[in-house]
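Raw start-v3.txt, compact mmCIF, C-alpha atoms and all ligand atoms:
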```
# COMPACT_ATOMS: atom_id res chain seq x y z
CA MET Y 1 0.00 0.00 0.00
CA ASN Y 2 1.31 3.43 -0.90
CA TYR Y 3 0.63 5.52 2.19
CA LYS Y 4 0.37 9.30 1.92
CA ALA Y 5 0.56 11.98 4.59
CA ARG Y 6 0.49 15.74 4.89
CA ILE Y 7 3.72 17.12 6.24
CA ASP Y 8 5.08 20.62 6.67
CA SER Y 9 8.79 19.93 6.49
CA VAL Y 10 11.68 17.63 7.36
CA TYR Y 11 14.46 19.08 9.48
CA ASN Y 12 17.77 17.32 9.61
CA GLY Y 13 20.05 17.76 12.60
CA SER Y 14 18.00 18.39 15.73
CA ALA Y 15 19.74 17.73 19.04
CA VAL Y 16 16.71 18.57 21.19
CA ASP Y 17 14.02 16.14 20.01
CA GLY Y 18 15.24 12.93 21.65
CA LYS Y 19 18.56 11.14 22.03
CA GLY Y 20 21.40 11.94 19.62
CA LEU Y 21 21.16 13.85 16.37
CA ARG Y 22 17.77 13.37 14.80
CA CYS Y 23 15.84 14.00 11.67
CA VAL Y 24 12.47 15.56 12.56
CA VAL Y 25 9.38 15.12 10.41
CA PHE Y 26 6.80 17.84 11.07
CA PHE Y 27 3.31 16.57 10.29
CA THR Y 28 0.54 19.08 9.67
CA GLY Y 29 -2.75 19.27 11.52
CA CYS Y 30 -3.20 19.61 15.27
CA ASN Y 31 -6.12 19.00 17.61
CA MET Y 32 -4.86 21.57 20.13
CA ARG Y 33 -4.03 25.28 20.04
CA CYS Y 34 -1.44 25.72 22.80
CA GLY Y 35 -0.72 29.33 23.66
CA PHE Y 36 3.05 28.72 23.58
CA CYS Y 37 3.09 26.66 20.36
CA HIS Y 38 6.34 27.02 18.40
CA ASN Y 39 4.92 25.57 15.22
CA PRO Y 40 1.64 27.35 14.40
CA GLU Y 41 2.46 26.84 10.71
CA THR Y 42 1.62 23.15 11.23
CA TRP Y 43 -1.92 23.83 12.49
CA THR Y 44 -3.36 23.78 9.00
CA GLU Y 45 -4.29 20.37 7.71
CA MET Y 46 -3.12 21.28 4.22
CA GLY Y 47 0.64 20.60 4.20
CA ASN Y 48 2.57 18.90 1.40
CA GLU Y 49 1.15 15.56 0.40
CA THR Y 50 4.02 13.10 0.73
CA ASP Y 51 4.46 9.47 -0.28
CA LEU Y 52 5.81 7.05 2.30
CA SER Y 53 8.44 5.72 -0.10
CA ASP Y 54 9.64 9.25 -1.02
CA LEU Y 55 9.92 10.22 2.64
CA VAL Y 56 11.82 7.06 3.58
CA ARG Y 57 14.18 7.60 0.62
CA LYS Y 58 14.83 11.17 1.78
CA ILE Y 59 15.50 10.10 5.38
CA LYS Y 60 17.80 7.28 4.27
CA ARG Y 61 20.15 9.88 2.77
CA TYR Y 62 20.86 11.07 6.34
CA LYS Y 63 21.22 7.57 7.74
CA ASN Y 64 24.90 7.87 8.61
CA TYR Y 65 24.42 11.30 10.11
CA ILE Y 66 21.62 10.16 12.46
CA LYS Y 67 23.09 6.75 13.29
CA ASN Y 68 23.42 7.59 17.01
CA GLY Y 69 20.01 9.23 17.13
CA GLY Y 70 17.19 8.57 14.71
CA VAL Y 71 13.95 10.09 13.52
CA THR Y 72 11.40 12.04 15.54
CA LEU Y 73 7.85 12.30 14.26
CA SER Y 74 6.56 15.69 15.37
CA GLY Y 75 4.20 18.39 14.24
CA GLY Y 76 1.46 19.30 14.57
CA GLU Y 77 0.11 16.10 16.02
CA PRO Y 78 1.47 12.93 14.37
CA PHE Y 79 -1.25 10.73 15.90
CA LEU Y 80 -3.81 12.44 13.64
CA GLN Y 81 -2.11 10.54 10.80
CA ALA Y 82 -1.47 7.40 12.83
CA GLU Y 83 -1.73 4.87 10.03
CA PHE Y 84 0.92 6.61 7.95
CA CYS Y 85 3.13 7.14 10.99
CA ALA Y 86 3.01 3.45 11.93
CA ALA Y 87 3.92 2.53 8.34
CA LEU Y 88 6.78 5.06 8.44
CA VAL Y 89 8.12 3.74 11.74
CA ASN Y 90 7.98 0.16 10.44
CA ALA Y 91 9.78 1.15 7.23
CA LEU Y 92 12.48 2.97 9.23
CA HIS Y 93 12.93 -0.08 11.44
CA VAL Y 94 13.72 -2.12 8.34
CA GLU Y 95 16.58 0.37 7.83
CA GLY Y 96 17.61 0.03 11.47
CA ILE Y 97 16.57 3.62 12.25
CA ASN Y 98 15.24 4.44 15.73
CA SER Y 99 11.91 6.30 15.61
CA ILE Y 100 10.17 8.19 18.39
CA ILE Y 101 7.05 10.31 18.45
CA GLU Y 102 6.30 13.72 19.98
CA THR Y 103 2.64 14.00 20.93
CA ASN Y 104 0.09 15.83 23.03
CA GLY Y 105 -1.30 12.44 24.09
CA LEU Y 106 -4.91 12.94 23.06
CA ILE Y 107 -5.10 9.99 20.63
CA ALA Y 108 -3.99 6.64 22.04
CA ASP Y 109 -3.59 4.70 18.79
CA GLU Y 110 -2.42 1.30 20.00
CA ALA Y 111 -0.73 0.21 16.76
CA LEU Y 112 1.39 3.36 16.59
CA ILE Y 113 2.30 3.34 20.28
CA GLU Y 114 3.35 -0.28 19.94
CA ALA Y 115 5.36 0.29 16.74
CA CYS Y 116 7.50 3.26 17.85
CA ASP Y 117 10.67 3.16 19.97
CA GLY Y 118 9.48 5.75 22.45
CA ILE Y 119 7.10 8.59 23.15
CA ARG Y 120 7.75 12.19 24.14
CA LEU Y 121 4.51 13.37 25.66
CA ASP Y 122 4.15 17.08 26.29
CA VAL Y 123 1.75 17.61 29.19
CA LYS Y 124 -0.33 20.75 28.89
CA ASN Y 125 -1.09 21.87 32.44
CA GLN Y 126 -0.91 25.60 31.73
CA ASP Y 127 -4.61 26.18 32.42
CA GLY Y 128 -4.54 24.06 35.56
CA ARG Y 129 -6.05 20.84 34.22
CA VAL Y 130 -4.96 17.91 32.07
CA ASP Y 131 -7.27 16.30 29.53
CA LYS Y 132 -8.52 12.87 30.63
CA ARG Y 133 -7.40 11.44 27.28
CA VAL Y 134 -3.77 12.02 28.31
CA TYR Y 135 -4.27 9.59 31.20
CA ASP Y 136 -5.85 7.08 28.78
CA PHE Y 137 -2.80 7.49 26.54
CA LEU Y 138 -0.43 6.88 29.43
CA ASP Y 139 -2.49 3.87 30.55
CA LYS Y 140 -1.93 2.43 27.08
CA CYS Y 141 1.84 3.12 27.23
CA GLU Y 142 1.96 1.46 30.65
CA GLU Y 143 0.07 -1.57 29.36
CA LEU Y 144 2.37 -1.89 26.32
CA GLY Y 145 5.54 -1.15 28.31
CA LYS Y 146 6.37 1.78 26.05
CA GLU Y 147 9.07 4.14 27.31
CA VAL Y 148 7.81 7.69 27.79
CA THR Y 149 9.66 10.95 28.26
CA LEU Y 150 7.36 13.52 29.80
CA THR Y 151 7.94 17.11 28.71
CA ASN Y 152 6.32 20.27 30.00
CA VAL Y 153 6.73 23.85 28.84
CA LEU Y 154 7.33 25.94 31.92
CA VAL Y 155 5.89 29.43 31.57
CA PRO Y 156 6.95 31.82 34.36
CA ALA Y 157 4.02 33.00 36.49
CA LEU Y 158 1.67 30.65 34.68
CA ASN Y 159 2.48 27.01 35.40
CA ASP Y 160 5.49 27.19 37.71
CA THR Y 161 3.14 27.36 40.70
CA PRO Y 162 3.03 24.51 43.27
CA LEU Y 163 -0.53 23.67 42.26
CA LYS Y 164 0.35 23.15 38.59
CA LEU Y 165 3.74 21.54 39.25
CA ASN Y 166 1.96 19.04 41.48
CA ILE Y 167 -0.07 17.91 38.45
CA ILE Y 168 3.22 16.97 36.75
CA LYS Y 169 4.53 15.33 39.91
CA ASP Y 170 1.37 13.21 40.29
CA ILE Y 171 1.53 12.02 36.68
CA LYS Y 172 5.23 11.18 36.96
CA ASN Y 173 4.64 9.20 40.18
CA ARG Y 174 1.64 7.36 38.80
CA TYR Y 175 3.30 5.74 35.74
CA SER Y 176 6.38 3.54 35.73
CA CYS Y 177 6.60 3.84 31.91
CA ILE Y 178 7.71 7.47 32.38
CA LYS Y 179 11.49 7.21 32.44
CA GLU Y 180 12.36 10.88 32.20
CA LEU Y 181 10.87 14.29 32.90
CA LYS Y 182 12.12 17.29 30.94
CA LEU Y 183 10.97 20.79 31.69
CA LEU Y 184 11.33 23.15 28.74
CA ALA Y 185 11.81 26.88 29.21
CA PHE Y 186 9.15 29.02 27.54
CA ARG Y 187 10.65 30.96 24.61
CA LYS Y 188 9.29 33.55 22.24
CA LEU Y 189 11.44 32.77 19.20
CA CYS Y 190 8.25 31.84 17.37
CA THR Y 191 6.79 35.38 17.56
CA SER Y 192 7.74 36.13 13.95
CA LYS Y 193 5.90 33.02 12.75
CA TYR Y 194 2.68 34.30 14.32
CA GLU Y 195 3.25 37.70 12.73
CA ARG Y 196 3.78 36.07 9.32
CA LEU Y 197 0.62 34.01 9.71
CA GLY Y 198 -1.37 37.01 10.96
CA ILE Y 199 -2.36 35.16 14.15
CA PRO Y 200 -2.04 36.81 17.58
CA PHE Y 201 0.59 35.08 19.77
CA PRO Y 202 -1.52 34.03 22.79
CA TYR Y 203 1.37 34.01 25.28
CA GLU Y 204 2.87 37.30 24.16
CA LYS Y 205 2.27 38.78 27.63
CA TYR Y 206 4.36 36.16 29.47
CA GLU Y 207 8.07 36.48 30.18
CA GLU Y 208 10.51 33.99 28.70
CA GLY Y 209 11.83 31.36 31.12
CA GLY Y 210 15.43 30.49 31.87
CA LYS Y 211 17.70 28.07 33.70
CA LYS Y 212 16.85 29.61 37.10
CA ASP Y 213 13.14 28.90 36.59
CA LEU Y 214 13.84 25.34 35.49
CA ASP Y 215 16.17 24.64 38.44
CA LYS Y 216 13.59 25.95 40.88
CA ALA Y 217 10.84 23.79 39.38
CA TYR Y 218 13.03 20.68 39.28
CA ALA Y 219 13.91 21.23 42.96
CA PHE Y 220 10.21 21.45 43.81
CA LEU Y 221 9.44 18.29 41.84
CA GLN Y 222 12.11 16.38 43.73
CA GLU Y 223 10.83 17.32 47.17
S1 LIG S 301 -0.03 20.19 20.59
FE1 LIG S 301 2.00 20.80 19.89
S2 LIG S 301 1.72 21.42 17.75
FE2 LIG S 301 -0.33 21.33 18.68
S3 LIG S 301 -0.73 23.42 19.33
FE3 LIG S 301 0.17 22.33 21.07
S4 LIG S 301 2.37 22.71 20.98
FE4 LIG S 301 1.48 23.24 18.97
```
What does this structure look like when you write it as structure tokens?
Amino acid sequence: MNYKARIDSVYNGSAVDGKGLRCVVFFTGCNMRCGFCHNPETWTEMGNETDLSDLVRKIKRYKNYIKNGGVTLSGGEPFLQAEFCAALVNALHVEGINSIIETNGLIADEALIEACDGIRLDVKNQDGRVDKRVYDFLDKCEELGKEVTLTNVLVPALNDTPLKLNIIKDIKNRYSCIKELKLLAFRKLCTSKYERLGIPFPYEKYEEGGKKDLDKAYAFLQE
């Protein structure tokens, strides 16, 4: 079967989307609208229609370069195109390429969770609650023994409060499949993207975060 997907772009050489140097595939379409989103250009479901075989051929060219890392399926929300993503992961495995997925955890597609080498789940606790579907997703990872890295974008004066950090702490303590927790400092590098797209940047009013904010939050989480 010749699978097709809508993607925005392929970036080669990321050191921040999982272990080692990675090739990142940005899928288009997202079922959330996070106020801090760095990739609002992927919100549209349009994207470039891409063949599975063409994409695998393109990634294979970087095989040597990403040999200590792999491929990260990102977006947008990759689970919206789960069938293609599972086929991509399986095709990359044939090439011996490690493949992980960045997700918001709202769609627990069992076949895709099972196929990939790991999940990076970004928990959205900025408004003080976490969608129930995220817990369903983590239940599925637990059941399948899938390794999860939990990420959370820390926005100063928004979700670095004890109440909201405790949400992260509770999730981390509840699931043994979560092997790592990474707090990410809120940045505004994406402001120009919003300007280009003519969309207001929802978190414009918040200050950027830094190492001090992260250290403080990590210390709280370890208490
Ligand atoms: S889930 Fe990810 S891609 Fe979608 S809006 Fe949130 S940060 Fe952006």
Exercise. Residues within 7 Å of ligand LIG 301 (chain S) (all atoms listed in the file), as an MDAnalysis selection string?
Worked result: chainID Y and resid 30:34 36:40 42:43 75:77 103:104
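Across the structure, CA of Leu21 (chain Y) and CA of Asn2 (chain Y) are spaced 28.3 Å apart.
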Exercise. By how many Å are CA of Asn48 (chain Y) and CA of Lys188 (chain Y) apart?
Worked result: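 Value for the CA of Asn48 (chain Y)-CA of Lys188 (chain Y) distance: 26.3 Å.
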Exercise. Between CA of Leu80 (chain Y) and CA of Ile107 (chain Y), what is the distance, to one decimal in Å?
Worked result: 7.5 Å
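Using only C-alpha atoms, the smallest distance between any of Y:Ser53, Y:Glu41, Y:Tyr135, Y:Lys172 and Gly198 (chain Y) comes from Y:Glu41.
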Exercise. Could you tell me, as a list in words, which residues have any atom at most 12 Å from (18.8, 2.3, 13.0), counting only C-alpha atoms?
Worked result: Gly20, Arg22, Ile59, Lys60, Tyr62, Lys63, Asn64, Tyr65, Ile66, Lys67, Asn68, Gly69, Gly70, Val71, Val89, Asn90, Ala91, Leu92, His93, Val94, Glu95, Gly96, Ile97, Asn98, Ser99, Ile100 and Asp117 of chain Y
Problem set entry | Counting all atoms listed in the file, the option among Y:Glu195, Y:Lys140, Y:Glu180, Y:Asn125 closest to Leu163 (chain Y) | Y:Asn125
For this session: Name all residues at most 10 Å from Asn152 (chain Y) (count only C-alpha atoms; drop same-chain ones fewer than 6 positions away) and give them as number ranges by chain.
Result: Y: 121-126, 159, 165, 168, 181-186
C-alpha atoms of the current selection, written as a PDB file, in the frame of the given file:
```pdb
ATOM      1  CA  LEU Y 121       4.510  13.370  25.660  1.00  0.00           C
ATOM      2  CA  ASP Y 122       4.150  17.080  26.290  1.00  0.00           C
ATOM      3  CA  VAL Y 123       1.750  17.610  29.190  1.00  0.00           C
ATOM      4  CA  LYS Y 124      -0.330  20.750  28.890  1.00  0.00           C
ATOM      5  CA  ASN Y 125      -1.090  21.870  32.440  1.00  0.00           C
ATOM      6  CA  GLN Y 126      -0.910  25.600  31.730  1.00  0.00           C
ATOM      7  CA  ASN Y 159       2.480  27.010  35.400  1.00  0.00           C
ATOM      8  CA  LEU Y 165       3.740  21.540  39.250  1.00  0.00           C
ATOM      9  CA  ILE Y 168       3.220  16.970  36.750  1.00  0.00           C
ATOM     10  CA  LEU Y 181      10.870  14.290  32.900  1.00  0.00           C
ATOM     11  CA  LYS Y 182      12.120  17.290  30.940  1.00  0.00           C
ATOM     12  CA  LEU Y 183      10.970  20.790  31.690  1.00  0.00           C
ATOM     13  CA  LEU Y 184      11.330  23.150  28.740  1.00  0.00           C
ATOM     14  CA  ALA Y 185      11.810  26.880  29.210  1.00  0.00           C
ATOM     15  CA  PHE Y 186       9.150  29.020  27.540  1.00  0.00           C
TER      16      PHE Y 186
END
```
For this session: For each of Y:Pro156, Y:Arg196, Y:Tyr175, Y:Lys169, take the minimum atom-to-atom distance to Asp213 (chain Y), counting all atoms listed in the file, then give the residue where this is smallest.
Result: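 Closest to Asp213 (chain Y) of all the choices is Y:Pro156.
Closest to Leu221 (chain Y) among Y:Lys164, Y:Lys132, Y:Arg187, Y:Lys193 is Y:Lys164, based on all atoms listed in the file.
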For this session: Pick out the closest residue to Leu73 (chain Y) from this set: Y:Ala108, Y:Val56, Y:Val155, Y:Val24. Count all atoms listed in the file.
Result: Y:Val24
What's the 10 Å shell around Leu55 (chain Y), counting all atoms listed in the file, without same-chain residues fewer than 3 positions away, as a compact mmCIF listing (two decimals) with C-alpha atoms, in the frame of the given file?
```
# COMPACT_ATOMS: atom_id res chain seq x y z
CA LYS Y 4 0.37 9.30 1.92
CA ALA Y 5 0.56 11.98 4.59
CA ILE Y 7 3.72 17.12 6.24
CA VAL Y 10 11.68 17.63 7.36
CA VAL Y 25 9.38 15.12 10.41
CA THR Y 50 4.02 13.10 0.73
CA ASP Y 51 4.46 9.47 -0.28
CA LEU Y 52 5.81 7.05 2.30
CA LYS Y 58 14.83 11.17 1.78
CA ILE Y 59 15.50 10.10 5.38
CA LYS Y 60 17.80 7.28 4.27
CA LEU Y 88 6.78 5.06 8.44
```
